[in-house]
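J.: Below is one structure. I have some questions about it.
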Amino acid sequence: MDARLRRVNKEIADCKNDKTSHISIDLVDNSPFHLRGSFDGPEGTPYEGGRFEVDIVIPDSYPFQPVKMRFITRVYHPNVSSASGAICLDILKDAWSPVLTLKSTLISLQSLLCSPEPRDPQDAEVAKHYMTSKESFEDTARYWTQIYAGGPGKDGKSAVQKGGVKDEIAMAGLNKAHVDQFEALGFDRSKVIDVLRRMNYRGANIANINDDRVVEELLK
Amino acid sequence: MQPNVVSLSESDSVQDPTDFPPSSIAPGLRDLDDSLRCPICRELYTAPVTLSCGHCYCSLCIRNSLSSKAECPICRQNASEVHIRKNPAMESVVKSWASGRDFILGLLKPQEDHRTSPSVDSQGKASNTQPDSPSKKRKRTTDDTLTSAAGERKLTPGISKAQVQCPMCNQTVPERTINQHLDSGCQSYLSEASSSGTRGQQKEQWSKVFGNSGITHRNKDKGKAKEKEKEKDGDPDGLSDVDPLPKVSYNVLKDKLIQEYLTEHGLPTNGGRDACIARHQKWVMLFNANLDRSPANRQSLDQLKRELKKWEEAQQTRKHSVTDVVAYQKEHKSEFERLKEEARRRIPDKTSNSAAASGIIVIDDDE
Ligand SMILES: [Zn+2]
Ligand SMILES: [Zn+2]
Ligand SMILES: [Zn+2]
């Protein structure tokens, strides 16, 4: 039997047997080579209280080539694409080693959430946000955790009730007053949010952005 | 990566260190089992070798790994094939452990079921006298013990010689008939082969390799005078004093020479340049890894060729058309289901019935 299959099978069993790490691996479509992993957001981070799901594809040449992983749960993090869930992490690329496992890789993702590397970003906009204002970044990341990962939110309240509306301004990590200011000029609200987010209209960076430039962007 | 017959049947089931109780119950055993496993394939070492840093792997596993990255997978120190050293001491430890493993597990079972199951209450008293707690027992039935101890995992040379696992269909086949079995195409592959012209040819090419069980290629090698002696020694392949095959820089070689390299070892030359290179590369790997076993544990050249064939077919199945992929997945799905089922039987089962029904022996422990 396939050595790859044997190893993957052991790895799944290993996760099932390990009750302390709270890492789980489940089958997708019953194929042993397409899996779904999940882990808890690390304590003391904006991701605390959330549960994060990861899409896992085992390549043909596994474990000699790295496993493919991508966040299914949307994550606000400099090294994770906020749109696609693609992850920038060395061990998923050049630094892979065949002694790494699904579990150890998922644990590495968990610790990536603890220690973002904004200098090697996957999502440039999020990385800019992180570098401009860590506090504002963390608010946004916490909000995303609440909305997408079942996190408790800033005040410890549970996620937005069913049917409740997401706060698009909080999602984009922006200040309501700033959005209102440009909306008042007659621009569409979602357009304003989009432009201010792209321009990183936050904290100390606002001083570097001329309002005319914002309007210019809004007119495009 | 566990090409020999013994290992194949051994790893039929999901074996891992957690088969043993934690060190609080059986000190050292789980760690021992863990440290006798290759960190790459997680099986007990096959042909263990060490790199200059001292880290140990199966020969084939590390050769595979080095071919994609020239470093030790654990400490990332630079490494290449020239750093590979046999580790016969580890090999014999693993062999002994493999043969004693089930026996030790059998000895542990009653005790383990007793100790780990019915939970200990806050006063530290075992509560296993209560009949309503068997749900927490590990479902390790005496039936299981018997099957695994007396079943296919036997390492007795007599048995492993008479019965081999077919490298293609994984069924157990008498060794004498393995060639015929393979040549007949093991049912599951029959339809695929006839549906595809290239696969059919491939099959033919390979059956030439096995059809005369290597005699053809041995005759071709008449030049080597030692062949005759070897046959007398019960070492027909003459592997006992053979040097490893050198690495080849294929890109400077003409197709014809690559084909000659293959012919030299009695391997098929079909499939074009890339296929020939891949085949030869894999052959060198298998051949050299085999030499890292102690002579008594080595596989015959025919076994290695079957391993190569199996690998090549797996490659093809992966690359080929949608139907092939579906067939492949289907096949592996059922294998996987079986493994899951087996794993389920081995891990604590919350739905298991009473101890008596599952054949667990409970010994009262009055502390
Ligand atoms: Zn190995
Ligand atoms: Zn090392
Ligand atoms: Zn067969």
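Residue numbering restarts at 1 for every chain of the structure tokens, chains are lettered A, B, ... in their displayed order, and ligands are numbered from 1 as they appear.
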Mind checking which residues fall within 12 Å of A:Asp211, counting only C-alpha atoms, ignoring those fewer than 4 positions away in the same chain, and posting them as a list in words?
T.: His178, Gln181, Phe182, Leu185, Val195, Leu196, Met199, Tyr201, Ile206, Ala207, Val215, Glu216, Glu217 and Leu218 of chain A
J.: Within 9 Å of ligand 1, counting only C-alpha atoms and all ligand atoms: which residues, as a VMD selection string?
T.: chain B and resid 1 to 2 37 to 48 57 to 62
J.: When the cut-off is 8 Å and we count only C-alpha atoms, which residues of chain A are near chain B, given as an MDAnalysis selection string?
T.: chainID A and resid 1 3:7 9:10 13 17 30:32 60 63:64 97:99
J.: Please, could you write that set of residues out with N, CA, C and O atoms as a PDB file, in the first residue's frame?
T.:
```pdb
ATOM      1  N   MET A   1       0.840  -1.200   0.000  1.00  0.00           N
ATOM      2  CA  MET A   1       0.000   0.000   0.000  1.00  0.00           C
ATOM      3  C   MET A   1       0.876   1.252   0.000  1.00  0.00           C
ATOM      4  O   MET A   1       1.992   1.265   0.476  1.00  0.00           O
ATOM      5  N   ALA A   3       2.801   4.422   0.624  1.00  0.00           N
ATOM      6  CA  ALA A   3       3.436   4.911   1.848  1.00  0.00           C
ATOM      7  C   ALA A   3       2.830   6.245   2.283  1.00  0.00           C
ATOM      8  O   ALA A   3       2.691   6.530   3.473  1.00  0.00           O
ATOM      9  N   ARG A   4       2.426   7.022   1.279  1.00  0.00           N
ATOM     10  CA  ARG A   4       1.839   8.320   1.573  1.00  0.00           C
ATOM     11  C   ARG A   4       0.515   8.136   2.326  1.00  0.00           C
ATOM     12  O   ARG A   4       0.250   8.793   3.334  1.00  0.00           O
ATOM     13  N   LEU A   5      -0.275   7.197   1.844  1.00  0.00           N
ATOM     14  CA  LEU A   5      -1.566   6.928   2.485  1.00  0.00           C
ATOM     15  C   LEU A   5      -1.366   6.437   3.917  1.00  0.00           C
ATOM     16  O   LEU A   5      -2.066   6.866   4.836  1.00  0.00           O
ATOM     17  N   ARG A   6      -0.379   5.556   4.080  1.00  0.00           N
ATOM     18  CA  ARG A   6      -0.123   5.035   5.428  1.00  0.00           C
ATOM     19  C   ARG A   6       0.250   6.161   6.377  1.00  0.00           C
ATOM     20  O   ARG A   6      -0.204   6.236   7.501  1.00  0.00           O
ATOM     21  N   ARG A   7       1.102   7.051   5.892  1.00  0.00           N
ATOM     22  CA  ARG A   7       1.543   8.118   6.773  1.00  0.00           C
ATOM     23  C   ARG A   7       0.404   9.067   7.097  1.00  0.00           C
ATOM     24  O   ARG A   7       0.207   9.456   8.245  1.00  0.00           O
ATOM     25  N   ASN A   9      -2.667   8.470   7.167  1.00  0.00           N
ATOM     26  CA  ASN A   9      -3.570   7.785   8.072  1.00  0.00           C
ATOM     27  C   ASN A   9      -3.074   7.830   9.519  1.00  0.00           C
ATOM     28  O   ASN A   9      -3.833   8.074  10.449  1.00  0.00           O
ATOM     29  N   LYS A  10      -1.779   7.616   9.673  1.00  0.00           N
ATOM     30  CA  LYS A  10      -1.200   7.719  11.018  1.00  0.00           C
ATOM     31  C   LYS A  10      -1.348   9.123  11.572  1.00  0.00           C
ATOM     32  O   LYS A  10      -1.597   9.327  12.758  1.00  0.00           O
ATOM     33  N   ALA A  13      -4.841   9.699  12.764  1.00  0.00           N
ATOM     34  CA  ALA A  13      -5.045   8.989  14.032  1.00  0.00           C
ATOM     35  C   ALA A  13      -4.345   9.718  15.168  1.00  0.00           C
ATOM     36  O   ALA A  13      -4.876   9.831  16.285  1.00  0.00           O
ATOM     37  N   ASN A  17      -6.013  10.995  18.604  1.00  0.00           N
ATOM     38  CA  ASN A  17      -5.592  10.509  19.924  1.00  0.00           C
ATOM     39  C   ASN A  17      -5.161  11.630  20.855  1.00  0.00           C
ATOM     40  O   ASN A  17      -5.147  11.463  22.061  1.00  0.00           O
ATOM     41  N   ASN A  30     -14.530  12.275   1.706  1.00  0.00           N
ATOM     42  CA  ASN A  30     -13.994  10.933   1.938  1.00  0.00           C
ATOM     43  C   ASN A  30     -12.651  10.639   1.286  1.00  0.00           C
ATOM     44  O   ASN A  30     -12.243   9.494   1.223  1.00  0.00           O
ATOM     45  N   SER A  31     -11.973  11.630   0.744  1.00  0.00           N
ATOM     46  CA  SER A  31     -10.636  11.369   0.213  1.00  0.00           C
ATOM     47  C   SER A  31      -9.612  11.624   1.303  1.00  0.00           C
ATOM     48  O   SER A  31      -9.650  12.663   1.947  1.00  0.00           O
ATOM     49  N   PRO A  32      -8.704  10.677   1.496  1.00  0.00           N
ATOM     50  CA  PRO A  32      -7.693  10.883   2.531  1.00  0.00           C
ATOM     51  C   PRO A  32      -6.686  11.966   2.168  1.00  0.00           C
ATOM     52  O   PRO A  32      -5.874  12.344   2.988  1.00  0.00           O
ATOM     53  N   ASP A  60       0.877  14.574  -4.317  1.00  0.00           N
ATOM     54  CA  ASP A  60       1.303  13.213  -4.658  1.00  0.00           C
ATOM     55  C   ASP A  60       2.619  12.833  -4.006  1.00  0.00           C
ATOM     56  O   ASP A  60       2.813  11.703  -3.591  1.00  0.00           O
ATOM     57  N   PRO A  63       5.478  12.910   1.796  1.00  0.00           N
ATOM     58  CA  PRO A  63       5.880  14.118   2.520  1.00  0.00           C
ATOM     59  C   PRO A  63       7.129  14.808   1.979  1.00  0.00           C
ATOM     60  O   PRO A  63       7.744  15.594   2.687  1.00  0.00           O
ATOM     61  N   PHE A  64       7.507  14.484   0.738  1.00  0.00           N
ATOM     62  CA  PHE A  64       8.728  15.109   0.228  1.00  0.00           C
ATOM     63  C   PHE A  64       8.466  16.490  -0.353  1.00  0.00           C
ATOM     64  O   PHE A  64       9.383  17.265  -0.582  1.00  0.00           O
ATOM     65  N   SER A  97       9.991  20.396   5.521  1.00  0.00           N
ATOM     66  CA  SER A  97      10.827  19.226   5.739  1.00  0.00           C
ATOM     67  C   SER A  97       9.903  18.014   5.874  1.00  0.00           C
ATOM     68  O   SER A  97       8.819  18.126   6.457  1.00  0.00           O
ATOM     69  N   PRO A  98      10.327  16.862   5.350  1.00  0.00           N
ATOM     70  CA  PRO A  98       9.425  15.698   5.402  1.00  0.00           C
ATOM     71  C   PRO A  98       9.157  15.185   6.815  1.00  0.00           C
ATOM     72  O   PRO A  98       8.309  14.319   6.984  1.00  0.00           O
ATOM     73  N   VAL A  99       9.884  15.696   7.809  1.00  0.00           N
ATOM     74  CA  VAL A  99       9.555  15.256   9.168  1.00  0.00           C
ATOM     75  C   VAL A  99       8.458  16.119   9.787  1.00  0.00           C
ATOM     76  O   VAL A  99       7.960  15.816  10.867  1.00  0.00           O
TER      77      VAL A  99
END
```
J.: Smallest atom-to-atom distance to ligand 2: which of B:Gln165, B:Gln205, B:Gln77, B:Ser96, using only C-alpha atoms and all ligand atoms?
T.: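 Looking only at the distances to ligand 2, the closest residue turns out to be B:Gln77.
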J.: List the neighbours of stretch 262-273 of chain B out to 7 Å using only C-alpha atoms; skip same-chain residues closer than 5 positions along the sequence, and give me the result as a VMD selection string.
T.: chain B and resid 205 to 206 209 217 255 280
J.: Would you mind listing what lies within 9 Å of A:Glu48 as a PDB file with C-alpha atoms, in the first residue's frame, with only C-alpha atoms counted and same-chain residues fewer than 3 positions away left out?
T.:
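Result went into result03.pdb, see below:
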```pdb
ATOM      1  CA  ASP A  40      -8.363  27.290  18.328  1.00  0.00           C
ATOM      2  CA  GLY A  41      -7.241  30.876  18.015  1.00  0.00           C
ATOM      3  CA  PRO A  42      -4.317  31.357  20.385  1.00  0.00           C
ATOM      4  CA  GLU A  43      -4.962  32.923  23.771  1.00  0.00           C
ATOM      5  CA  GLY A  44      -3.923  36.496  24.325  1.00  0.00           C
ATOM      6  CA  THR A  45      -4.347  37.365  20.633  1.00  0.00           C
ATOM      7  CA  ARG A  51     -12.056  28.331  15.758  1.00  0.00           C
ATOM      8  CA  ARG A 142     -10.874  40.634  16.762  1.00  0.00           C
ATOM      9  CA  THR A 145     -12.702  36.561  14.617  1.00  0.00           C
ATOM     10  CA  GLY A 151     -15.112  34.577  18.578  1.00  0.00           C
ATOM     11  CA  PRO A 152     -16.538  36.491  21.538  1.00  0.00           C
TER      12      PRO A 152
END
```
J.: Please, what distance in Å, to one decimal, runs between atom CA of A:Asp212 and atom CA of A:Asn200?
T.: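 Calculated distance between atom CA of A:Asp212 and atom CA of A:Asn200 is 15.1 Å.
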J.: Name the closest residue to ligand 3 among the candidates B:Ile277, B:Val164, B:Lys208, B:Gln303; distances are taken between atoms, counting only C-alpha atoms and all ligand atoms.
T.: B:Val164
